[in-house]
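So the structure is just underneath, and the comments pick up after that.
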Amino acid sequence: MHRSVRLFFFIAMLAAFSAAHGGQLRLDVPALLLDGVSFRLEVTALDAEGRIDTTVNGALEFRGVSFPEGIKPVMRKGRFLSTEAKPGGDTISVVLSQVIHPRVTEGSEHEEMTEAGEADLRTAAPRPVEWSVTRAVRVIPGILSVLPPLLAIVLALLLRQVIVSLFAGVWLGALFVYDYDPIGSFFRVLDHYIIHALADPDRMSIIAFSMLFGGMVGVISRSGGTMGIAEAITRIARTPRGGQISTWVMGFMIFFDDYANTLIVGNTMRPITDRLRISREKLAFLVDSTAAPVASVLFISTWIGYEVGLIDAALRSVDMTARGAYAVFLDMLPYSFYPILTLAFGAMIALSGKDYGPMGRAEERARRHGKLYRDGAQPATDLTDSSAVVPKEGTPARWWNAAIPILTVILAALGGLWYTGMQAIIDAGGSDFSIGHVIGQADSYSALLWASLLSCLVAIVLAVGQRILRVGEAMDAWFNGLKSMLLAMLILTLAWSIGQITIELHTADYLVELLKGNLPPRLLPAATFVVAAVISFATGTSWGTMGIMMPIVIPLSVVLGQDAALSADAASVVMLGTTASVLAGAVFGDHCSPISDTTILSSMASACDHIDHVRTQLPYALTIGAVALFGGLLPAAYGISPFILLPAGVLLLAAILYWRGTHISEA
């Protein structure tokens, strides 16, 4: 009787254990899916306490989802993950068939049960137990995912009203996400997308840095520092050509961060280029054509850690860790045709004094009629209150009152990058303290925040200490500088909001699904450049594009090279060209896109109408992109050295400028 009672309780416990686990199957899928587009699907077995039960194994049967041929969904150690699942209905169901073998473990409290009871348990047939879970999903046509950014871009180019255009794009995306409810979607633009865009700490750091920088510019302008540095540089840059060369050189020298580059160069050179009758569109182009290109290819910048991290993760996925990610980054730089050719083309534009297309017309307007921007333009920075930026009568124009705060930004930012990078390496127990690695591991947002705050303090102390401004006047100038950035910050926030829309609508996934296919390996770098440019243009983010594309195309380049039996040298060229094409295509699309953050910041720092900046820069970007694609990536994939193709590309761009360009009068 005693043994029977114990056997009964043991079987009851086993049944209770099975029942407790029966409802602990979790299915994770996005709530919104695109028809025919792969998505990430995860099934997890949880124990009674909600933790992953690694003892669970078994076959999975799905309804409402399909997998590529040859994939058999099987759960191992409590988990199943697939990034190649495709939707097949409005609900997704999964059933787990698990086999439980009831037995008594030796050494347990039931060890004495050795006769009939133990024999019954050990010889019992396996018991199949089915766990199931169902999730409702929404499946919409994939083409809808590209309509919100497309609407924003088209309206911006047609109406030249970037706020209205971006808001319309965000609203259309919210309409698709929130089940085609037009009124609810209108309010979701504010309480979901705009608020969430501002809730991100990194983005708030960008806003705080930009606002503080604007405050510093307000102080140095009011104290006569901007006028002083303008007079000092104008002694060297006496002509429009000299002003453009000075702008390009300054942009190239501030290589460590693209955001810092745009804000420092645009705000510093704007009074000088205004005096020399250089159009705001040309200033914005020179700023934009140096910011991201120089930061993306020089081996000491805030981009490096992100790029190297993506490369490292992709190399690990194909077991190529023997070749370090940083070494791959350095090797791929000669294949980064678009950023390098963009820097060269900007220098040629400045040196030659020639322009063509909309930029040529803008420059003619500025030179002949003194109109720095077209009638009816809306500069991204509000400078209509001249009392906020013009010094009082009799204020001394001392260049160092601007140079010292600006130099403070640069040195403090570099010091902050070094400090945060060193701390990150020490905290991680690392031992590589090379300059490139330290800058790559740095917290650029904190460094820029510290630098901008310190520069504000320095600017105010200089103005008050020399009795140029009273404390109240200095604070008023600082606040007016902050106000001048509000319009640009609104544009930037809406651009981030539409970026969130593209994430929720899986726009990049749709474009990759649409454009990918079987390619000869030597065409992969060119195809990658085009796809990355399209994604970057539609989403407005070069970093997001790199994050999407790197994990896909680097392993793909390795696999295609192996399948085509390429030689080691040829396979390496394809892999390096493909990796560089992600970077180059991301920067190219970013330059062309009116919803790109760096494009917006360039317009803001140059006080240029944002859509006018995009319209005038676009022909130049397309010219460089075509030369980079057909004169760089394609021949390089077939074995021609990039050290031959880069000079050839520069000569080709010079010929195009000579053929198409018109010399703008220096009057």
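Simple scheme: letters A, B, ... for chains in structure tokens order, numbers from 1 for residues in each chain, numbers from 1 for ligands in the order shown.
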- request: Assign secondary structure with DSSP using the backbone only, and return the residues of stretch 22-260 of chain A in alpha helix (DSSP H) as an MDAnalysis selection string.
  value: chainID A and resid 22 116:122 147:159 162:177 182:188 195:199 201:222 225:236 240:253 258:260
Store the residues of this selection in a file with C-alpha atoms, as a short mmCIF file (atom, residue, chain, number, x, y, z; two decimals), in the first residue's frame.
data_model
loop_
_atom_site.label_atom_id
_atom_site.label_comp_id
_atom_site.auth_asym_id
_atom_site.auth_seq_id
_atom_site.Cartn_x
_atom_site.Cartn_y
_atom_site.Cartn_z
CA GLY A 22 1.40 22.78 -21.84
CA ALA A 116 6.48 -3.36 -9.99
CA GLY A 117 6.01 0.41 -9.66
CA GLU A 118 9.44 1.27 -11.05
CA ALA A 119 9.12 -1.28 -13.80
CA ASP A 120 5.81 0.22 -14.85
CA LEU A 121 7.37 3.70 -15.19
CA ARG A 122 10.53 2.63 -17.00
CA LEU A 147 4.57 54.94 -50.14
CA PRO A 148 5.09 57.05 -46.94
CA PRO A 149 8.73 58.03 -47.63
CA LEU A 150 7.91 58.34 -51.33
CA LEU A 151 5.02 60.71 -50.59
CA ALA A 152 7.22 62.82 -48.30
CA ILE A 153 9.95 63.04 -50.93
CA VAL A 154 7.61 63.86 -53.84
CA LEU A 155 5.65 66.48 -51.89
CA ALA A 156 8.85 68.06 -50.62
CA LEU A 157 10.18 68.42 -54.15
CA LEU A 158 6.86 69.70 -55.55
CA LEU A 159 5.58 71.94 -52.74
CA VAL A 162 9.30 70.14 -45.95
CA ILE A 163 7.26 70.27 -42.71
CA VAL A 164 3.98 69.59 -44.49
CA SER A 165 5.58 66.90 -46.64
CA LEU A 166 7.18 65.02 -43.76
CA PHE A 167 4.01 65.20 -41.68
CA ALA A 168 2.00 63.82 -44.61
CA GLY A 169 4.45 60.95 -44.99
CA VAL A 170 4.29 60.07 -41.29
CA TRP A 171 0.48 60.25 -41.34
CA LEU A 172 0.24 57.95 -44.38
CA GLY A 173 2.50 55.41 -42.68
CA ALA A 174 0.45 55.59 -39.48
CA LEU A 175 -2.66 55.02 -41.60
CA PHE A 176 -1.22 51.70 -42.80
CA VAL A 177 0.04 50.67 -39.36
CA PRO A 182 -7.49 58.23 -40.78
CA ILE A 183 -8.47 60.11 -37.61
CA GLY A 184 -6.66 57.84 -35.16
CA SER A 185 -3.60 57.84 -37.40
CA PHE A 186 -3.54 61.64 -37.36
CA PHE A 187 -3.20 61.68 -33.56
CA ARG A 188 -0.72 58.79 -33.58
CA ILE A 195 7.09 61.60 -28.91
CA HIS A 196 8.97 58.33 -29.42
CA ALA A 197 11.44 60.05 -31.73
CA LEU A 198 12.22 62.55 -28.97
CA ALA A 199 12.39 59.86 -26.28
CA PRO A 201 18.58 59.45 -25.68
CA ASP A 202 20.92 59.56 -28.68
CA ARG A 203 18.51 61.70 -30.66
CA MET A 204 17.94 64.02 -27.74
CA SER A 205 21.72 64.34 -27.53
CA ILE A 206 21.78 65.50 -31.16
CA ILE A 207 19.03 68.04 -30.46
CA ALA A 208 20.73 69.27 -27.29
CA PHE A 209 24.09 69.55 -29.08
CA SER A 210 22.53 71.43 -31.99
CA MET A 211 20.61 73.79 -29.73
CA LEU A 212 23.64 74.49 -27.55
CA PHE A 213 25.75 75.06 -30.63
CA GLY A 214 23.13 77.49 -31.89
CA GLY A 215 23.31 79.28 -28.54
CA MET A 216 27.08 79.57 -28.85
CA VAL A 217 26.72 80.96 -32.38
CA GLY A 218 24.21 83.52 -31.07
CA VAL A 219 26.69 84.76 -28.45
CA ILE A 220 29.71 84.96 -30.75
CA SER A 221 27.61 86.71 -33.41
CA ARG A 222 26.27 89.30 -30.98
CA GLY A 225 33.30 87.41 -33.02
CA THR A 226 31.63 86.12 -36.19
CA MET A 227 32.22 89.45 -37.93
CA GLY A 228 35.81 89.41 -36.78
CA ILE A 229 36.56 85.91 -38.08
CA ALA A 230 34.77 86.78 -41.30
CA GLU A 231 37.02 89.80 -41.78
CA ALA A 232 40.12 87.74 -40.96
CA ILE A 233 39.31 84.97 -43.44
CA THR A 234 38.14 87.46 -46.05
CA ARG A 235 41.66 88.91 -46.10
CA ILE A 236 42.70 85.53 -47.49
CA PRO A 240 33.97 83.74 -54.19
CA ARG A 241 36.47 81.11 -55.33
CA GLY A 242 38.63 81.71 -52.27
CA GLY A 243 35.58 81.52 -50.01
CA GLN A 244 34.56 78.18 -51.47
CA ILE A 245 38.08 76.79 -51.15
CA SER A 246 38.22 77.92 -47.51
CA THR A 247 34.88 76.25 -46.82
CA TRP A 248 36.00 72.97 -48.39
CA VAL A 249 39.32 72.97 -46.52
CA MET A 250 37.60 73.60 -43.18
CA GLY A 251 35.12 70.81 -43.93
CA PHE A 252 37.93 68.40 -44.70
CA MET A 253 39.83 69.32 -41.55
CA ASP A 258 29.76 64.54 -39.48
CA TYR A 259 27.33 66.36 -37.19
CA ALA A 260 30.06 68.52 -35.69
#
Contacts of stretch 207-273 of chain A with stretch 597-617 of chain A up to 7 Å, shortest pair per row, only C-alpha atoms, as a Markdown table:
| residue | atom | partner | partner_atom | distance |
| --- | --- | --- | --- | --- |
| A:Tyr259 | CA | A:Thr598 | CA | 6.9 |
| A:Thr262 | CA | A:Ser602 | CA | 5.5 |
| A:Leu263 | CA | A:Ala605 | CA | 5.2 |
| A:Gly266 | CA | A:Ala605 | CA | 4.6 |
| A:Asn267 | CA | A:Ala605 | CA | 5.3 |
| A:Arg270 | CA | A:Ser606 | CA | 6.1 |
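Atom CA of A:Leu276 sits 16.0 Å away from atom CA of A:Ile349.
Relative to atom CA of A:Tyr373, atom CA of A:Arg660 is found at 22.9 Å.
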query: Excluding same-chain residues fewer than 6 positions from A:Pro520, what lies within 9 Å of it counting only C-alpha atoms, as a list in words?
result: Leu560, Gly561 and Ala564 of chain A
message: Excluding A:Val137 and its own-chain neighbours fewer than 6 positions away, which residues fall within 7 Å of it when counting only C-alpha atoms? Please give them as a ChimeraX atom specification.
response: /A:31-32,90-91
Applying 10 Å and only C-alpha atoms, which residues near stretch 329-340 of chain A remain after dropping the ones on its own chain fewer than 5 positions away? List them as an mmCIF file with N, CA and C atoms, in the first residue's frame.
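Resulting contents of result_24.cif:
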data_model
loop_
_atom_site.group_PDB
_atom_site.id
_atom_site.type_symbol
_atom_site.label_atom_id
_atom_site.label_comp_id
_atom_site.auth_asym_id
_atom_site.auth_seq_id
_atom_site.Cartn_x
_atom_site.Cartn_y
_atom_site.Cartn_z
ATOM 1 N N SER A 289 28.959 67.949 -48.711
ATOM 2 C CA SER A 289 29.852 67.096 -49.497
ATOM 3 C C SER A 289 31.153 66.770 -48.777
ATOM 4 N N THR A 290 31.376 67.386 -47.619
ATOM 5 C CA THR A 290 32.562 67.030 -46.831
ATOM 6 C C THR A 290 32.213 66.292 -45.543
ATOM 7 N N ALA A 291 31.014 66.502 -45.001
ATOM 8 C CA ALA A 291 30.684 65.987 -43.661
ATOM 9 C C ALA A 291 30.714 64.464 -43.604
ATOM 10 N N ALA A 292 29.697 63.800 -44.154
ATOM 11 C CA ALA A 292 29.644 62.339 -44.105
ATOM 12 C C ALA A 292 30.762 61.684 -44.914
ATOM 13 N N PRO A 293 31.100 62.180 -46.124
ATOM 14 C CA PRO A 293 32.179 61.522 -46.869
ATOM 15 C C PRO A 293 33.505 61.470 -46.121
ATOM 16 N N VAL A 294 33.915 62.581 -45.500
ATOM 17 C CA VAL A 294 35.217 62.555 -44.832
ATOM 18 C C VAL A 294 35.149 61.744 -43.541
ATOM 19 N N ALA A 295 34.025 61.820 -42.824
ATOM 20 C CA ALA A 295 33.906 61.052 -41.576
ATOM 21 C C ALA A 295 33.811 59.558 -41.840
ATOM 22 N N SER A 296 33.303 59.175 -42.997
ATOM 23 C CA SER A 296 33.086 57.751 -43.268
ATOM 24 C C SER A 296 34.331 57.037 -43.756
ATOM 25 N N VAL A 297 35.306 57.773 -44.302
ATOM 26 C CA VAL A 297 36.465 57.088 -44.879
ATOM 27 C C VAL A 297 37.766 57.326 -44.128
ATOM 28 N N LEU A 298 37.840 58.372 -43.318
ATOM 29 C CA LEU A 298 39.058 58.548 -42.537
ATOM 30 C C LEU A 298 39.032 57.593 -41.346
ATOM 31 N N PHE A 299 40.192 57.051 -41.013
ATOM 32 C CA PHE A 299 40.236 55.951 -40.051
ATOM 33 C C PHE A 299 40.186 56.411 -38.603
ATOM 34 N N ILE A 304 33.779 55.005 -37.264
ATOM 35 C CA ILE A 304 34.610 53.814 -37.410
ATOM 36 C C ILE A 304 34.143 52.667 -36.524
ATOM 37 N N GLU A 307 31.051 51.037 -38.051
ATOM 38 C CA GLU A 307 31.345 50.294 -39.275
ATOM 39 C C GLU A 307 32.124 49.018 -38.979
ATOM 40 N N VAL A 308 33.159 49.132 -38.157
ATOM 41 C CA VAL A 308 33.982 47.963 -37.840
ATOM 42 C C VAL A 308 33.165 46.926 -37.083
ATOM 43 N N ILE A 311 31.071 45.039 -39.610
ATOM 44 C CA ILE A 311 31.922 44.152 -40.404
ATOM 45 C C ILE A 311 32.329 42.934 -39.584
ATOM 46 N N ASP A 312 32.679 43.158 -38.331
ATOM 47 C CA ASP A 312 33.101 42.054 -37.469
ATOM 48 C C ASP A 312 31.986 41.028 -37.294
ATOM 49 N N GLY A 324 41.002 40.325 -39.364
ATOM 50 C CA GLY A 324 40.367 41.269 -38.457
ATOM 51 C C GLY A 324 39.457 42.247 -39.165
ATOM 52 N N PHE A 345 35.289 66.028 -56.015
ATOM 53 C CA PHE A 345 34.423 66.873 -56.842
ATOM 54 C C PHE A 345 34.128 68.199 -56.141
ATOM 55 N N PRO A 525 29.043 43.912 -56.012
ATOM 56 C CA PRO A 525 29.343 45.251 -55.478
ATOM 57 C C PRO A 525 28.475 46.342 -56.083
ATOM 58 N N PHE A 529 25.627 48.590 -54.130
ATOM 59 C CA PHE A 529 25.653 50.057 -54.129
ATOM 60 C C PHE A 529 24.271 50.620 -54.458
ATOM 61 N N SER A 572 38.444 38.000 -52.795
ATOM 62 C CA SER A 572 38.727 39.094 -51.855
ATOM 63 C C SER A 572 38.287 40.437 -52.429
ATOM 64 N N VAL A 573 38.520 40.644 -53.721
ATOM 65 C CA VAL A 573 38.109 41.888 -54.367
ATOM 66 C C VAL A 573 36.589 42.041 -54.307
ATOM 67 N N MET A 575 34.520 40.672 -52.144
ATOM 68 C CA MET A 575 34.097 40.904 -50.761
ATOM 69 C C MET A 575 34.398 42.337 -50.322
ATOM 70 N N LEU A 576 35.604 42.846 -50.629
ATOM 71 C CA LEU A 576 35.959 44.206 -50.245
ATOM 72 C C LEU A 576 35.109 45.231 -50.994
ATOM 73 N N GLY A 577 34.899 44.991 -52.284
ATOM 74 C CA GLY A 577 34.073 45.912 -53.062
ATOM 75 C C GLY A 577 32.636 45.936 -52.573
ATOM 76 N N THR A 578 32.109 44.772 -52.193
ATOM 77 C CA THR A 578 30.743 44.704 -51.677
ATOM 78 C C THR A 578 30.627 45.427 -50.340
ATOM 79 N N THR A 579 31.602 45.211 -49.455
ATOM 80 C CA THR A 579 31.588 45.876 -48.152
ATOM 81 C C THR A 579 31.666 47.386 -48.311
ATOM 82 N N ALA A 580 32.571 47.848 -49.176
ATOM 83 C CA ALA A 580 32.691 49.287 -49.416
ATOM 84 C C ALA A 580 31.442 49.854 -50.071
ATOM 85 N N SER A 581 30.754 49.048 -50.880
ATOM 86 C CA SER A 581 29.560 49.529 -51.575
ATOM 87 C C SER A 581 28.417 49.802 -50.612
ATOM 88 N N VAL A 582 28.364 49.070 -49.501
ATOM 89 C CA VAL A 582 27.339 49.362 -48.498
ATOM 90 C C VAL A 582 27.544 50.769 -47.959
ATOM 91 N N LEU A 583 28.780 51.064 -47.577
ATOM 92 C CA LEU A 583 29.111 52.403 -47.068
ATOM 93 C C LEU A 583 28.860 53.467 -48.127
ATOM 94 N N ALA A 584 29.378 53.245 -49.323
ATOM 95 C CA ALA A 584 29.269 54.251 -50.384
ATOM 96 C C ALA A 584 27.816 54.477 -50.794
ATOM 97 N N GLY A 585 27.063 53.383 -50.956
ATOM 98 C CA GLY A 585 25.656 53.518 -51.333
ATOM 99 C C GLY A 585 24.840 54.205 -50.261
ATOM 100 N N ALA A 586 25.162 53.918 -48.986
ATOM 101 C CA ALA A 586 24.440 54.561 -47.884
ATOM 102 C C ALA A 586 24.682 56.065 -47.885
ATOM 103 N N VAL A 587 25.930 56.488 -48.111
ATOM 104 C CA VAL A 587 26.244 57.917 -48.151
ATOM 105 C C VAL A 587 25.609 58.570 -49.380
ATOM 106 N N PHE A 588 25.620 57.875 -50.517
ATOM 107 C CA PHE A 588 25.029 58.405 -51.748
ATOM 108 C C PHE A 588 23.523 58.643 -51.573
ATOM 109 N N ALA A 621 25.254 64.949 -56.983
ATOM 110 C CA ALA A 621 25.327 63.620 -56.371
ATOM 111 C C ALA A 621 25.096 62.529 -57.411
ATOM 112 N N ILE A 624 28.276 62.102 -59.578
ATOM 113 C CA ILE A 624 29.331 61.367 -58.863
ATOM 114 C C ILE A 624 28.938 59.908 -58.703
ATOM 115 N N GLY A 625 27.657 59.653 -58.387
ATOM 116 C CA GLY A 625 27.207 58.276 -58.223
ATOM 117 C C GLY A 625 27.365 57.458 -59.492
ATOM 118 N N ALA A 626 27.048 58.061 -60.640
ATOM 119 C CA ALA A 626 27.195 57.340 -61.913
ATOM 120 C C ALA A 626 28.660 57.021 -62.194
ATOM 121 N N VAL A 627 29.556 57.979 -61.942
ATOM 122 C CA VAL A 627 30.983 57.722 -62.160
ATOM 123 C C VAL A 627 31.483 56.659 -61.191
ATOM 124 N N ALA A 628 31.033 56.715 -59.929
ATOM 125 C CA ALA A 628 31.465 55.718 -58.946
ATOM 126 C C ALA A 628 31.006 54.327 -59.325
ATOM 127 N N LEU A 629 29.794 54.232 -59.873
ATOM 128 C CA LEU A 629 29.243 52.920 -60.233
ATOM 129 C C LEU A 629 29.893 52.356 -61.489
ATOM 130 N N GLY A 631 32.394 53.749 -63.451
ATOM 131 C CA GLY A 631 33.827 53.932 -63.619
ATOM 132 C C GLY A 631 34.641 53.416 -62.459
ATOM 133 N N GLY A 632 33.978 52.914 -61.419
ATOM 134 C CA GLY A 632 34.694 52.428 -60.252
ATOM 135 C C GLY A 632 34.347 51.008 -59.874
ATOM 136 N N LEU A 633 33.138 50.793 -59.378
ATOM 137 C CA LEU A 633 32.771 49.491 -58.815
ATOM 138 C C LEU A 633 32.761 48.375 -59.857
ATOM 139 N N ALA A 636 36.345 47.598 -61.112
ATOM 140 C CA ALA A 636 37.148 47.078 -59.995
ATOM 141 C C ALA A 636 36.817 45.629 -59.709
ATOM 142 N N ALA A 637 35.541 45.253 -59.848
ATOM 143 C CA ALA A 637 35.144 43.864 -59.596
ATOM 144 C C ALA A 637 35.776 42.910 -60.595
ATOM 145 N N SER A 641 42.708 47.794 -60.692
ATOM 146 C CA SER A 641 43.063 48.328 -59.389
ATOM 147 C C SER A 641 42.309 49.624 -59.088
ATOM 148 N N PRO A 642 41.796 49.763 -57.867
ATOM 149 C CA PRO A 642 41.140 51.029 -57.509
ATOM 150 C C PRO A 642 42.098 52.215 -57.520
ATOM 151 N N PHE A 643 43.394 51.953 -57.390
ATOM 152 C CA PHE A 643 44.366 53.043 -57.419
ATOM 153 C C PHE A 643 44.556 53.584 -58.840
ATOM 154 N N LEU A 645 41.595 53.375 -60.909
ATOM 155 C CA LEU A 645 40.233 53.846 -61.169
ATOM 156 C C LEU A 645 39.926 55.163 -60.461
ATOM 157 N N LEU A 646 40.469 55.369 -59.256
ATOM 158 C CA LEU A 646 40.189 56.616 -58.541
ATOM 159 C C LEU A 646 40.729 57.839 -59.287
ATOM 160 N N GLY A 649 38.577 58.344 -62.276
ATOM 161 C CA GLY A 649 37.281 58.917 -61.926
ATOM 162 C C GLY A 649 37.369 60.410 -61.684
ATOM 163 N N VAL A 650 38.441 60.852 -61.044
ATOM 164 C CA VAL A 650 38.636 62.287 -60.810
ATOM 165 C C VAL A 650 38.767 63.019 -62.146
#
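Minimum atom-to-atom distance to A:Lys483, evaluated using only C-alpha atoms, belongs to A:Ala380 out of A:Ala380, A:Ile439, A:Ala347, A:Val534.
The space between atom CA of A:Gly142 and atom CA of A:Gly36 spans 7.4 Å.
Once A:Ile404 and its same-chain neighbours fewer than 3 positions away are set aside, Trp400, Asn401, Leu407, Thr408, Val458 and Ala459 of chain A remain within 8 Å of it when counting only C-alpha atoms.
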message: Nearest residue to A:Tyr620 out of A:Glu473, A:Asp355, A:Asp569, A:Glu49, using only C-alpha atoms?
response: A:Asp355
I'd like the neighbourhood of A:Pro87 as an mmCIF file with C-alpha atoms, in the first residue's frame, where a residue qualifies if any of its atoms comes within 7 Å (using only C-alpha atoms), though same-chain residues fewer than 3 positions away should be ignored.
data_model
loop_
_atom_site.group_PDB
_atom_site.id
_atom_site.type_symbol
_atom_site.label_atom_id
_atom_site.label_comp_id
_atom_site.auth_asym_id
_atom_site.auth_seq_id
_atom_site.Cartn_x
_atom_site.Cartn_y
_atom_site.Cartn_z
ATOM 1 C CA ASP A 35 2.803 39.939 -48.249
ATOM 2 C CA GLY A 36 5.614 37.849 -49.715
ATOM 3 C CA GLY A 64 -0.298 30.534 -41.876
ATOM 4 C CA VAL A 65 3.428 30.703 -42.577
ATOM 5 C CA SER A 66 5.800 29.205 -45.130
#
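Across A:Ser97, A:Ser596, A:Ser352, A:Ser38, the tightest approach to A:Leu25 is made by A:Ser97 when counting only C-alpha atoms.
Between A:Gly415 and the candidates A:Asp432, A:Ala447, A:Thr268, A:Ala397, the tightest atom-to-atom separation, counting only C-alpha atoms, involves A:Ala447.
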